[in-house]
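File shown here: model11.tsv, holding TSV, C-alpha atoms.
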chain	number	residue	atom	x	y	z
Y	115	MET	CA	-18.36	-16.68	-38.19
Y	116	ARG	CA	-14.61	-16.63	-38.70
Y	117	LEU	CA	-14.21	-14.46	-35.58
Y	118	THR	CA	-16.20	-17.00	-33.53
Y	119	ILE	CA	-14.00	-19.84	-34.76
Y	120	PHE	CA	-10.86	-17.85	-33.97
Y	121	ILE	CA	-12.06	-17.11	-30.41
Y	122	HIS	CA	-12.86	-20.78	-29.87
Y	123	LEU	CA	-9.42	-21.78	-31.09
Y	124	VAL	CA	-7.72	-19.27	-28.75
Y	125	CYS	CA	-9.75	-20.52	-25.78
Y	126	LEU	CA	-8.92	-24.11	-26.70
Y	127	TRP	CA	-5.19	-23.25	-26.87
Y	128	VAL	CA	-5.29	-21.47	-23.48
Y	129	LEU	CA	-7.13	-24.36	-21.86
Y	130	SER	CA	-4.79	-26.96	-23.35
Y	131	THR	CA	-1.71	-25.00	-22.27
Y	132	TYR	CA	-3.07	-24.61	-18.73
Y	133	SER	CA	-3.94	-28.32	-18.61
Y	134	PHE	CA	-0.45	-29.25	-19.82
Y	135	TRP	CA	1.35	-27.19	-17.16
Y	136	SER	CA	-1.06	-28.35	-14.44
Y	137	TYR	CA	-0.32	-31.91	-15.45
Y	138	ALA	CA	3.43	-31.19	-15.63
Y	139	GLN	CA	3.45	-29.90	-12.07
Y	140	GLU	CA	2.05	-33.20	-10.87
Y	141	HIS	CA	3.63	-35.48	-13.50
Y	142	TYR	CA	6.98	-34.19	-14.68
Y	143	PRO	CA	7.99	-34.88	-18.30
Y	144	GLN	CA	10.16	-37.92	-18.83
Y	145	LEU	CA	13.63	-37.05	-20.07
Y	146	SER	CA	14.88	-38.88	-23.14
Y	147	GLU	CA	17.95	-41.09	-23.34
Y	148	GLN	CA	19.83	-38.21	-24.97
Y	149	SER	CA	19.29	-35.86	-22.04
Y	150	GLN	CA	22.24	-34.49	-20.09
Y	151	ILE	CA	22.64	-32.93	-16.66
Y	152	SER	CA	25.63	-30.67	-16.10
Y	153	LEU	CA	27.27	-28.55	-13.44
Y	154	ILE	CA	27.96	-25.02	-14.72
Y	155	THR	CA	30.77	-23.21	-12.89
Y	156	GLY	CA	31.67	-19.56	-13.30
Y	157	THR	CA	35.02	-18.18	-12.16
Y	158	ALA	CA	35.37	-15.18	-9.88
Y	159	GLY	CA	34.89	-11.72	-11.37
Y	160	GLN	CA	35.50	-8.09	-10.51
Y	161	PRO	CA	31.99	-7.18	-9.21
Y	162	LEU	CA	31.62	-7.88	-5.50
Y	163	TYR	CA	28.69	-10.25	-6.07
Y	164	ALA	CA	30.94	-12.27	-8.40
Y	165	ALA	CA	34.05	-12.27	-6.19
Y	166	PHE	CA	33.77	-15.98	-5.33
Y	167	GLY	CA	32.37	-17.49	-8.53
Y	168	HIS	CA	29.02	-19.13	-9.20
Y	169	SER	CA	27.41	-22.57	-9.61
Y	170	ALA	CA	24.33	-23.63	-11.59
Y	171	VAL	CA	22.79	-26.83	-12.96
Y	172	ARG	CA	21.90	-27.36	-16.62
Y	173	VAL	CA	19.29	-29.84	-17.86
Y	174	TYR	CA	19.54	-30.38	-21.63
Y	175	ASP	CA	17.32	-32.66	-23.70
Y	176	PRO	CA	17.50	-32.08	-27.48
Y	177	LEU	CA	14.61	-34.45	-28.25
Y	178	MET	CA	12.26	-32.55	-25.94
Y	179	GLY	CA	13.63	-29.13	-26.94
Y	180	MET	CA	14.57	-28.55	-23.31
Y	181	ASP	CA	17.58	-26.49	-22.24
Y	182	LEU	CA	17.22	-25.07	-18.73
Y	183	VAL	CA	19.83	-23.58	-16.39
Y	184	TYR	CA	18.78	-23.71	-12.73
Y	185	ASN	CA	20.25	-20.88	-10.66
Y	186	TYR	CA	19.94	-20.71	-6.85
Y	187	GLY	CA	21.53	-17.25	-6.65
Y	188	VAL	CA	18.57	-15.06	-7.65
Y	189	PHE	CA	17.14	-12.26	-5.49
Y	190	ASP	CA	14.77	-9.36	-6.11
Y	191	PHE	CA	16.09	-5.79	-5.78
Y	192	ASP	CA	12.48	-4.61	-5.45
Y	193	THR	CA	12.00	-6.55	-2.20
Y	194	PRO	CA	10.65	-4.13	0.46
Y	195	ASN	CA	13.43	-2.99	2.85
Y	196	PHE	CA	15.98	-4.69	0.58
Y	197	TYR	CA	19.17	-3.43	2.24
Y	198	LEU	CA	17.88	-3.97	5.77
Y	199	LYS	CA	16.89	-7.56	4.95
Y	200	PHE	CA	20.20	-8.18	3.17
Y	201	ALA	CA	22.24	-6.92	6.14
Y	202	SER	CA	20.14	-8.89	8.63
Y	203	GLY	CA	20.35	-12.14	6.65
Y	204	ARG	CA	16.60	-12.17	5.97
Y	205	LEU	CA	16.62	-11.42	2.25
Y	206	PRO	CA	14.93	-14.35	0.47
Y	207	TYR	CA	16.98	-15.88	-2.33
Y	208	GLN	CA	15.29	-18.14	-4.83
Y	209	LEU	CA	15.76	-20.78	-7.48
Y	210	GLU	CA	15.03	-19.70	-11.04
Y	211	ALA	CA	15.40	-21.52	-14.35
Y	212	SER	CA	16.41	-19.71	-17.53
Y	213	ARG	CA	16.29	-20.91	-21.11
Y	214	GLY	CA	19.79	-22.06	-22.14
Y	215	TYR	CA	23.04	-20.46	-21.07
Y	216	ALA	CA	23.49	-17.99	-23.93
Y	217	GLY	CA	22.57	-15.13	-21.59
Y	218	LEU	CA	24.95	-16.44	-18.95
Y	219	MET	CA	27.78	-16.67	-21.47
Y	220	TYR	CA	27.11	-13.11	-22.65
Y	221	LEU	CA	27.18	-11.79	-19.09
Y	222	TYR	CA	30.37	-13.68	-18.22
Y	223	ALA	CA	32.06	-12.55	-21.43
Y	224	GLU	CA	31.17	-8.94	-20.60
Y	225	GLU	CA	32.64	-9.32	-17.11
Y	226	GLY	CA	35.73	-11.17	-18.36
Y	227	ARG	CA	34.96	-14.34	-16.41
Y	228	GLY	CA	35.51	-18.00	-17.24
Y	229	LEU	CA	32.69	-20.52	-17.61
Y	230	SER	CA	32.88	-24.31	-17.77
Y	231	GLU	CA	30.47	-27.25	-17.97
Y	232	GLN	CA	30.83	-30.70	-16.43
Y	233	VAL	CA	28.46	-33.19	-18.06
Y	234	LEU	CA	27.57	-35.76	-15.43
Y	235	ASN	CA	27.61	-39.53	-15.80
Y	236	LEU	CA	24.13	-40.57	-14.63
Y	237	SER	CA	21.68	-43.37	-15.31
Y	238	GLN	CA	18.34	-42.48	-16.87
Y	239	ALA	CA	16.61	-42.90	-13.51
Y	240	GLN	CA	19.19	-40.69	-11.78
Y	241	LYS	CA	18.82	-37.96	-14.41
Y	242	GLN	CA	15.06	-38.05	-14.03
Y	243	ALA	CA	15.36	-37.86	-10.24
Y	244	ILE	CA	17.64	-34.81	-10.42
Y	245	PHE	CA	15.35	-33.09	-12.91
Y	246	GLU	CA	12.26	-33.71	-10.79
Y	247	ALA	CA	14.07	-32.52	-7.66
Y	248	LEU	CA	15.01	-29.27	-9.42
Y	249	GLU	CA	11.47	-28.77	-10.67
Y	250	THR	CA	10.08	-29.46	-7.21
Y	251	ASN	CA	12.56	-26.99	-5.72
Y	252	ARG	CA	11.37	-24.21	-8.01
Y	253	LEU	CA	7.69	-24.54	-7.20
Y	254	PRO	CA	6.38	-21.29	-5.63
Y	255	GLU	CA	6.18	-22.86	-2.18
Y	256	ASN	CA	9.75	-24.21	-2.35
Y	257	LYS	CA	11.79	-21.76	-4.43
Y	258	TYR	CA	12.68	-19.29	-1.64
Y	259	TYR	CA	15.34	-19.90	0.98
Y	260	PRO	CA	17.25	-17.86	3.62
Y	261	TYR	CA	20.65	-17.20	2.04
Y	262	ASP	CA	23.80	-17.63	4.11
Y	263	PHE	CA	27.17	-17.02	2.47
Y	264	PHE	CA	29.03	-19.94	4.05
Y	265	PHE	CA	26.31	-22.47	4.77
Y	266	ASP	CA	23.40	-21.97	2.36
Y	267	ASN	CA	24.27	-20.42	-0.99
Y	268	CYS	CA	24.14	-21.19	-4.72
Y	269	SER	CA	26.93	-23.75	-4.37
Y	270	THR	CA	25.86	-25.57	-1.19
Y	271	ARG	CA	22.31	-25.85	-2.56
Y	272	VAL	CA	23.66	-27.73	-5.59
Y	273	ARG	CA	25.81	-29.94	-3.35
Y	274	ASP	CA	22.85	-30.80	-1.11
Y	275	LEU	CA	20.52	-31.40	-4.05
Y	276	PHE	CA	22.78	-34.06	-5.56
Y	277	GLN	CA	23.62	-35.57	-2.18
Y	278	LYS	CA	19.98	-35.88	-1.14
Y	279	THR	CA	18.76	-37.14	-4.52
Y	280	LEU	CA	21.54	-39.63	-5.30
Y	281	GLY	CA	22.19	-40.71	-1.70
Y	282	ALA	CA	24.73	-43.48	-1.18
Y	283	ASP	CA	25.24	-43.86	-4.95
Y	284	LEU	CA	27.26	-40.63	-4.92
Y	285	GLY	CA	30.74	-40.96	-3.45
Y	286	TRP	CA	32.59	-37.77	-2.60
Y	287	SER	CA	36.35	-37.34	-2.67
Y	288	TYR	CA	38.27	-34.36	-1.33
Y	289	GLU	CA	41.75	-35.37	-2.41
Y	290	GLY	CA	44.01	-32.39	-2.93
Y	291	PHE	CA	41.94	-30.04	-0.76
Y	292	PRO	CA	44.10	-27.89	1.56
Y	293	GLU	CA	44.00	-29.17	5.14
Y	294	LYS	CA	42.84	-27.41	8.31
Y	295	GLN	CA	41.53	-24.31	6.60
Y	296	THR	CA	39.16	-21.93	8.35
Y	297	PHE	CA	36.40	-20.25	6.39
Y	298	ARG	CA	38.43	-17.04	6.55
Y	299	ASP	CA	41.45	-18.89	5.12
Y	300	LEU	CA	39.33	-20.25	2.27
Y	301	ILE	CA	38.05	-16.87	1.08
Y	302	HIS	CA	41.37	-15.02	1.52
Y	303	PRO	CA	42.82	-15.94	-1.93
Y	304	TYR	CA	39.76	-14.41	-3.60
Y	305	LEU	CA	40.33	-11.11	-1.76
Y	306	ALA	CA	44.13	-10.85	-1.81
Y	307	HIS	CA	44.13	-8.55	-4.85
Y	308	ARG	CA	41.29	-6.36	-3.46
Y	309	PRO	CA	42.68	-4.71	-0.32
Y	310	TRP	CA	39.63	-2.60	0.53
Y	311	ILE	CA	37.12	-5.43	0.04
Y	312	ASP	CA	39.44	-7.69	2.03
Y	313	LEU	CA	39.45	-5.16	4.88
Y	314	GLY	CA	35.68	-4.67	4.78
Y	315	ILE	CA	34.83	-8.38	4.79
Y	316	ASN	CA	37.35	-9.11	7.55
Y	317	LEU	CA	35.83	-6.35	9.66
Y	318	LEU	CA	32.33	-7.78	9.28
Y	319	LEU	CA	33.06	-11.48	9.85
Y	320	GLY	CA	33.11	-12.75	13.41
Y	321	LEU	CA	34.62	-15.65	15.29
Y	322	PRO	CA	32.52	-18.43	13.63
Y	323	THR	CA	34.47	-17.70	10.44
Y	324	ASP	CA	37.63	-18.95	12.15
Y	325	ARG	CA	36.37	-22.46	12.79
Y	326	VAL	CA	38.27	-25.09	10.80
Y	327	ALA	CA	35.95	-26.17	7.99
Y	328	LYS	CA	35.17	-29.78	7.19
Y	329	PRO	CA	36.06	-30.83	3.62
Y	330	ALA	CA	32.38	-30.96	2.63
Y	331	GLU	CA	31.98	-27.39	3.88
Y	332	TYR	CA	34.65	-26.18	1.43
Y	333	LEU	CA	32.00	-26.64	-1.24
Y	334	PHE	CA	30.38	-23.31	-0.43
Y	335	LEU	CA	32.95	-22.06	-2.95
Y	336	PRO	CA	32.05	-23.01	-6.57
Y	337	GLU	CA	35.69	-23.77	-7.38
Y	338	TYR	CA	35.81	-26.49	-4.71
Y	339	LEU	CA	32.39	-27.83	-5.73
Y	340	GLN	CA	33.69	-28.21	-9.28
Y	341	GLN	CA	36.82	-29.99	-8.01
Y	342	ALA	CA	34.76	-32.30	-5.77
Y	343	PHE	CA	32.47	-33.22	-8.68
Y	344	ASP	CA	35.52	-33.98	-10.80
Y	345	GLN	CA	36.82	-36.42	-8.15
Y	346	ALA	CA	33.47	-37.94	-7.14
Y	347	THR	CA	32.18	-41.35	-8.20
Y	348	ILE	CA	28.67	-42.57	-9.00
Y	349	ARG	CA	27.26	-46.09	-8.76
Y	350	ILE	CA	25.24	-47.09	-11.82
Y	351	ASP	CA	23.76	-50.60	-12.06
Y	352	GLY	CA	26.08	-51.74	-9.27
Y	353	LYS	CA	29.23	-50.41	-10.96
Y	354	THR	CA	31.23	-47.46	-9.65
Y	355	GLN	CA	32.10	-44.92	-12.34
Y	356	PRO	CA	33.46	-41.37	-12.52
Y	357	PHE	CA	30.78	-38.81	-11.71
Y	358	VAL	CA	31.89	-36.43	-14.49
Y	359	ALA	CA	31.69	-37.79	-18.02
Y	360	ARG	CA	33.43	-34.84	-19.67
Y	361	THR	CA	34.33	-31.22	-19.03
Y	362	THR	CA	33.99	-28.42	-21.56
Y	363	SER	CA	35.41	-24.92	-21.29
Y	364	LEU	CA	32.71	-22.54	-22.50
Y	365	LEU	CA	34.70	-19.38	-21.81
Y	366	GLU	CA	38.37	-19.20	-20.97
Y	367	ALA	CA	39.16	-17.77	-17.54
Y	368	PRO	CA	41.29	-14.60	-17.68
Y	369	PRO	CA	44.74	-14.53	-16.02
Y	370	GLU	CA	44.63	-14.17	-12.25
Y	371	ALA	CA	44.88	-10.62	-10.94
Y	372	THR	CA	48.21	-9.53	-9.53
Y	373	VAL	CA	48.36	-9.32	-5.74
Y	374	PRO	CA	49.38	-5.76	-4.72
Y	375	THR	CA	52.83	-5.42	-3.22
Y	376	GLY	CA	54.02	-2.79	-0.76
Y	377	LEU	CA	51.66	-0.56	1.18
Y	378	THR	CA	48.02	-0.97	0.18
Y	379	GLY	CA	45.19	1.51	0.71
Y	380	PRO	CA	44.13	0.25	4.17
Y	381	TRP	CA	47.74	0.42	5.41
Y	382	ILE	CA	48.16	3.96	4.05
Y	383	LEU	CA	44.93	5.03	5.76
Y	384	GLY	CA	46.04	3.51	9.07
Y	385	ILE	CA	49.44	5.21	8.90
Y	386	LEU	CA	47.85	8.57	8.05
Y	387	ILE	CA	45.58	8.27	11.10
Y	388	LEU	CA	48.59	7.48	13.28
Y	389	VAL	CA	50.54	10.45	11.85
Y	390	PHE	CA	47.54	12.71	12.46
Y	391	ALA	CA	47.18	11.52	16.06
Y	392	ALA	CA	50.91	11.92	16.72
Y	393	THR	CA	50.96	15.41	15.21
Y	394	MET	CA	47.99	16.58	17.25
Y	395	THR	CA	49.53	15.09	20.41
Y	396	TRP	CA	52.78	16.99	19.79
Y	397	LEU	CA	50.84	20.24	19.20
Y	398	ASP	CA	48.81	19.67	22.37
Y	399	TYR	CA	52.03	19.17	24.30
Y	400	ARG	CA	53.48	22.41	22.95
Y	401	ARG	CA	50.30	24.38	23.73
Y	402	ARG	CA	49.73	22.63	27.08
Y	403	ARG	CA	46.12	22.25	26.02
Y	404	LEU	CA	44.25	19.25	24.63
Y	405	SER	CA	42.30	19.46	21.38
Y	406	TYR	CA	39.26	17.52	22.52
Y	407	TRP	CA	37.74	17.66	19.03
Y	408	THR	CA	40.54	15.33	17.90
Y	409	ASP	CA	39.63	12.74	20.51
Y	410	SER	CA	35.92	13.16	19.86
Y	411	LEU	CA	36.51	12.59	16.16
Y	412	LEU	CA	38.73	9.52	16.58
Y	413	LEU	CA	37.10	7.81	19.54
Y	414	GLY	CA	33.59	8.81	18.52
Y	415	THR	CA	33.99	7.37	15.02
Y	416	VAL	CA	35.52	4.16	16.37
Y	417	GLY	CA	32.72	3.89	18.94
Y	418	LEU	CA	30.03	4.22	16.27
Y	419	ILE	CA	31.75	1.50	14.23
Y	420	GLY	CA	31.65	-0.69	17.34
Y	421	CYS	CA	27.92	-0.03	17.76
Y	422	PHE	CA	27.44	-1.18	14.16
Y	423	PHE	CA	29.30	-4.42	14.93
Y	424	VAL	CA	27.04	-5.00	17.94
Y	425	LEU	CA	23.94	-4.49	15.79
Y	426	LEU	CA	25.25	-7.06	13.31
Y	427	TRP	CA	25.93	-9.45	16.19
Y	428	VAL	CA	22.48	-9.31	17.77
Y	429	GLY	CA	20.31	-8.30	14.82
Y	430	THR	CA	21.30	-10.64	12.00
Y	431	ASP	CA	20.62	-14.21	10.99
Y	432	HIS	CA	24.00	-14.51	9.23
Y	433	GLN	CA	25.88	-17.23	11.10
Y	434	ALA	CA	29.32	-15.70	10.45
Y	435	LEU	CA	28.77	-12.20	11.90
Y	436	PRO	CA	28.35	-12.70	15.69
Y	437	GLN	CA	31.22	-12.74	18.23
Y	438	ASN	CA	33.20	-10.17	16.30
Y	439	TRP	CA	36.60	-9.56	17.91
Y	440	ASN	CA	36.91	-6.25	16.10
Y	441	LEU	CA	35.05	-4.95	19.13
Y	442	THR	CA	38.40	-5.10	20.94
Y	443	TRP	CA	39.45	-1.92	19.09
Y	444	ALA	CA	36.06	-0.52	18.03
Y	445	VAL	CA	34.77	-0.12	21.60
Y	446	PRO	CA	31.13	1.08	21.63
Y	447	LEU	CA	31.67	2.86	24.99
Y	448	HIS	CA	33.83	5.39	23.15
Y	449	THR	CA	30.58	6.89	21.86
Y	450	LEU	CA	29.50	7.76	25.42
Y	451	TRP	CA	32.96	9.17	26.13
Y	452	MET	CA	32.61	11.43	23.07
Y	453	ILE	CA	29.23	12.72	24.32
Y	454	VAL	CA	30.72	13.48	27.75
Y	455	VAL	CA	33.67	15.36	26.24
Y	456	LEU	CA	31.55	17.45	23.88
Y	457	GLY	CA	29.04	18.28	26.60
Y	458	SER	CA	31.49	19.28	29.36
Y	459	LYS	CA	33.48	22.45	29.86
Y	460	LYS	CA	35.83	20.59	32.16
Y	461	LEU	CA	36.66	16.92	31.70
Y	462	PRO	CA	35.30	14.86	34.64
Y	463	ASP	CA	37.74	12.70	36.60
Y	464	TYR	CA	35.94	9.53	35.56
Y	465	ALA	CA	36.55	10.46	31.90
Y	466	ARG	CA	40.29	10.71	32.61
Y	467	PHE	CA	40.14	7.35	34.39
Y	468	TYR	CA	38.33	5.89	31.34
Y	469	ALA	CA	41.11	7.22	29.10
Y	470	LEU	CA	43.69	5.46	31.32
Y	471	LEU	CA	41.78	2.18	31.11
Y	472	ALA	CA	41.47	2.55	27.34
Y	473	THR	CA	45.24	3.11	27.05
Y	474	ILE	CA	45.96	-0.05	29.03
Y	475	TRP	CA	43.35	-1.95	27.06
Y	476	TYR	CA	44.84	-1.06	23.67
Y	477	ALA	CA	48.31	-1.96	24.93
Y	478	LEU	CA	47.02	-5.41	25.98
Y	479	VAL	CA	45.27	-5.94	22.64
Y	480	LEU	CA	48.46	-5.09	20.73
Y	481	PHE	CA	50.77	-7.18	22.93
Y	482	THR	CA	48.47	-10.22	22.73
Y	483	TRP	CA	47.88	-9.83	18.98
Y	484	PRO	CA	49.18	-13.31	17.97
Y	485	LEU	CA	47.01	-14.97	20.63
Y	486	HIS	CA	43.65	-13.67	19.39
Y	487	PRO	CA	41.27	-16.48	18.34
Y	488	GLN	CA	40.09	-14.24	15.50
Y	489	PRO	CA	42.87	-12.75	13.37
Y	490	LEU	CA	42.36	-9.00	13.02
Y	491	HIS	CA	43.37	-7.17	9.87
Y	492	PRO	CA	47.01	-6.02	10.31
Y	493	SER	CA	46.27	-2.54	8.92
Y	494	LEU	CA	44.40	-1.91	12.20
Y	495	ILE	CA	47.68	-1.83	14.16
Y	496	PRO	CA	48.53	1.83	13.39
Y	497	ILE	CA	44.92	2.81	14.12
Y	498	MET	CA	45.10	1.16	17.56
Y	499	LEU	CA	48.42	2.87	18.22
Y	500	ALA	CA	46.79	6.20	17.36
Y	501	LEU	CA	43.89	5.51	19.73
Y	502	ALA	CA	46.23	4.45	22.54
Y	503	LEU	CA	48.33	7.59	22.05
Y	504	ARG	CA	45.34	9.92	22.25
Y	505	CYS	CA	43.89	8.13	25.27
Y	506	TRP	CA	47.24	8.43	27.06
Y	507	ALA	CA	47.39	12.15	26.17
Y	508	VAL	CA	43.91	12.72	27.63
Y	509	TYR	CA	44.82	10.95	30.86
Y	510	ARG	CA	48.16	12.76	31.15
Y	511	TRP	CA	47.21	16.35	30.29
Y	512	ALA	CA	43.44	16.72	30.70
Y	513	LYS	CA	42.32	19.43	33.11
Kindly return the structure encoded in the file as C-alpha cells.
Amino acid sequence: MRLTIFIHLVCLWVLSTYSFWSYAQEHYPQLSEQSQISLITGTAGQPLYAAFGHSAVRVYDPLMGMDLVYNYGVFDFDTPNFYLKFASGRLPYQLEASRGYAGLMYLYAEEGRGLSEQVLNLSQAQKQAIFEALETNRLPENKYYPYDFFFDNCSTRVRDLFQKTLGADLGWSYEGFPEKQTFRDLIHPYLAHRPWIDLGINLLLGLPTDRVAKPAEYLFLPEYLQQAFDQATIRIDGKTQPFVARTTSLLEAPPEATVPTGLTGPWILGILILVFAATMTWLDYRRRRLSYWTDSLLLGTVGLIGCFFVLLWVGTDHQALPQNWNLTWAVPLHTLWMIVVLGSKKLPDYARFYALLATIWYALVLFTWPLHPQPLHPSLIPIMLALALRCWAVYRWAK
C-alpha cells in the first residue's frame, strides 16, 4: 500500500514538473521588482581562447530564487569533425545558462583573470523583455549560431540582444574610443606580449581585417562592450538615465603583461632562416654546385603554407580569412617547383626562368612593403630575403 502511494506521488511530481516547464516555455515567469540584469565582463587571460576576454549576461531574482548566467561562447568538443568545422567556420556555438557565477569566478581566479559586473538600470518591463529574449534564444531551435570572431561572437550577441530588445530606448555612446582603427589594429594590443600567437593570427587573417571598423563594430571585444554600456543611456518612462546603475569588481584584474623588447621568437626564426640560406649559397658558390635540397626545403615548405592559405580562402565561412596577402610570399606554385626539382636530374630551363621571376617578385614585394593594403608581419622580411637569395642562386648557377 505504501509503495503504491509512493509511486503515485513520484508520478504526480514528474507530471507537475513537466507541466511547469512546458508552461514556462510558453509563458515565461514574471520577474519580481527586486530582479537585476547585469553584464558580466571577463578580462583577457593566458589561454588562447581567453586572449580577448569574455562577455555574459546575468539575470538575478532573489525572490524567485533565480540566478542565471547566459553565455553565448559555448561549443561542444565532441562535435563530429570538430577541428575541420572550427577551421572552416562551421562549428556551431550555442547559448547556455548556468546557475550563478560561482563557477565562473572559480575558473577566472584559477586563470588569474579579472571579472566585473555592471548592474543595468532598467524598468520592470525592460527587464522582463530581456529575460524573455534570453530564454527564447536558448530554446533548442534557437540556441545554435555560426560563430565568427569579428562579427558574431559572445560579445556581439549580447550587443545585438540589447539593441533589438530595447530598440530606440537604448542610446549608445562611443566617446573615448580610438578613431579609424582596423580590426587588426583593435586586436593588436591583446597580442603584443605574445609574439608567436601574434604571428600566427596575423598570418591567418586576410584583407577584410584591415577595413576600418565602425564604432559599433568595436564591440566584438568585451572590453569595448563594457565601456559602451558604461557610457550608454536608457529611456525609462520618458526620462533618459544612465544605462549602468552600478559596477562591481568581482575579481581584480592582474597587472598587464610586459611587452617583450628586443628580438622576439619570430624575428629570431626569420634571421636564422636567412643565415641558413646565406650560408648554403656561399657553400654552393665555393663548390660550383647547387644544393637543390635546400631550395626544395625552403620553397617547398613556403609553397605548402601558401596552399593552406588558399584552402582557408576558398573553404571557410570565416569572413576575415579570404584575400590573404601573405600569399605574396607564400606562393603555392613553389610546391610545383619543388616537385620538378626533386624529380629531375637536370634542372629544366623553365625552372630557371621561374627562379628568375620569383627573385624579381620578392624584390618587388619588399620594395613596395609600405604600400601593401594588408600589413604583413615584419618578421617575414628576413624570410623573404632568404627566398629571394636562393631563387637568384638557382637562376645564376643552375645547370
Please build the interface table for stretch 161-230 of chain Y against stretch 318-335 of chain Y with a cut-off of 10 Å, listing for each qualifying residue the nearest atom pair and the distance in Å to one decimal; count all atoms listed in the file, order rows by chain and increasing number, and write it as JSON lines.
{"residue": "Y:Phe166", "atom": "CA", "partner": "Y:Leu335", "partner_atom": "CA", "distance": 6.6}
{"residue": "Y:Gly167", "atom": "CA", "partner": "Y:Leu335", "partner_atom": "CA", "distance": 7.2}
{"residue": "Y:His168", "atom": "CA", "partner": "Y:Leu335", "partner_atom": "CA", "distance": 7.9}
{"residue": "Y:Ser169", "atom": "CA", "partner": "Y:Leu335", "partner_atom": "CA", "distance": 8.7}
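You can rank Y:Thr473, Y:Gln240, Y:Thr279, Y:Asn438 by their closest distance to Y:Ala502 using only C-alpha atoms, and at the top of that list sits Y:Thr473.
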Sorted per-residue table, stretch 282-311 of chain Y near stretch 262-273 of chain Y, closest atoms and distance, 12 Å, all atoms listed in the file, as a Markdown table:
| residue | atom | partner | partner_atom | distance |
| --- | --- | --- | --- | --- |
| Y:Leu284 | CA | Y:Arg273 | CA | 10.9 |
| Y:Trp286 | CA | Y:Arg273 | CA | 10.4 |
| Y:Thr296 | CA | Y:Phe264 | CA | 11.2 |
| Y:Phe297 | CA | Y:Phe264 | CA | 7.7 |
| Y:Arg298 | CA | Y:Phe264 | CA | 10.1 |
| Y:Leu300 | CA | Y:Phe264 | CA | 10.5 |
| Y:Ile301 | CA | Y:Phe264 | CA | 10.0 |
Practice problem: Within 10 Å of Y:Tyr406, counting all atoms listed in the file, which residues show up once you throw out same-chain ones fewer than 4 positions away? Write them as an MDAnalysis selection string, please. | Solution: chainID Y and resid 398 410:412 452 455:456 461 504 508 512
Practice problem: Name the residues in contact with Y:Gly384 at a cut-off of 10 Å, using all atoms listed in the file, excluding same-chain residues fewer than 2 positions from it; report them as a list in words. | Solution: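 The residues that qualify are Gly379, Pro380, Trp381, Ile382, Leu386, Ile387, Leu388, Val389, Phe390, Pro492, Ser493, Leu494, Ile495, Pro496, Ile497, Met498, Leu499 and Ala500 of chain Y.
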Quiz prompt | Surrounding residues of Y:Leu229 excluding itself and chain neighbours under 6 positions, 7 Å, all atoms listed in the file, as JSON, numbers by chain | solution = {"Y": [155, 156, 157, 363, 364, 365, 366]}
Exercise. Could you check which of Y:Leu426, Y:Leu413, Y:Leu418, Y:Leu209 is closest to Y:Pro254, using all atoms listed in the file?
Key: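 Closest to Y:Pro254 of all the choices is Y:Leu209.
Within 7 Å of the file-frame point (18.1, -40.6, -7.1), and using all atoms listed in the file, the polymer residues found are Ala239, Gln240, Ala243, Ile244, Thr279, Leu280 and Gly281 of chain Y.
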Exercise. Skip Y:Lys241 itself and residues of its chain fewer than 5 positions away, then list as a PyMOL selection string all residues within 10 Å of it, counting all atoms listed in the file.
Key: chain Y and resi 144-147+149-151+173+234-236+246-247+279-280
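Of the listed residues Y:Leu404, Y:Leu490, Y:Val183, Y:Leu478, the one whose atoms come nearest to Y:Arg510 is Y:Leu404, with distances taken using all atoms listed in the file.
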Exercise. For each of Y:Glu225, Y:Asp344, Y:Asp409, Y:Asp431, take the minimum atom-to-atom distance to Y:Glu289, counting only C-alpha atoms, then give the residue where this is smallest.
Key: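 Among the listed residues, the smallest separation from Y:Glu289 belongs to Y:Asp344.
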Quiz item: Expressed in Å to a single decimal, how great is the separation between atom CA of Y:Glu224 and atom CA of Y:Pro206?
Solution: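 So the two atoms, atom CA of Y:Glu224 and atom CA of Y:Pro206, lie 27.1 Å apart.
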Quiz item: In Å, how far is it from atom CA of Y:Thr347 to atom CA of Y:Gly285?
Solution: 5.0 Å
Quiz item: Pick from Y:Pro356, Y:Pro484, Y:Gly420, Y:Gly414: nearest to Y:Trp451, with only C-alpha atoms counted?
Solution: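 Among Y:Pro356, Y:Pro484, Y:Gly420, Y:Gly414, it is Y:Gly414 that comes nearest to Y:Trp451.
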Self-check item: Point-to-point distance from atom CA of Y:Tyr207 to atom CA of Y:Asn251, Å rounded to tenths
Solution: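 Computing the Euclidean distance for atom CA of Y:Tyr207 and atom CA of Y:Asn251 yields 12.4 Å.
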Exercise. Within 12 Å of Y:Leu447, counting only C-alpha atoms, which residues show up once you throw out same-chain ones fewer than 4 positions away? Write them as a PyMOL selection string, please.
Key: chain Y and resi 413-421+424+441-443+451-454+465+468-469+471-472
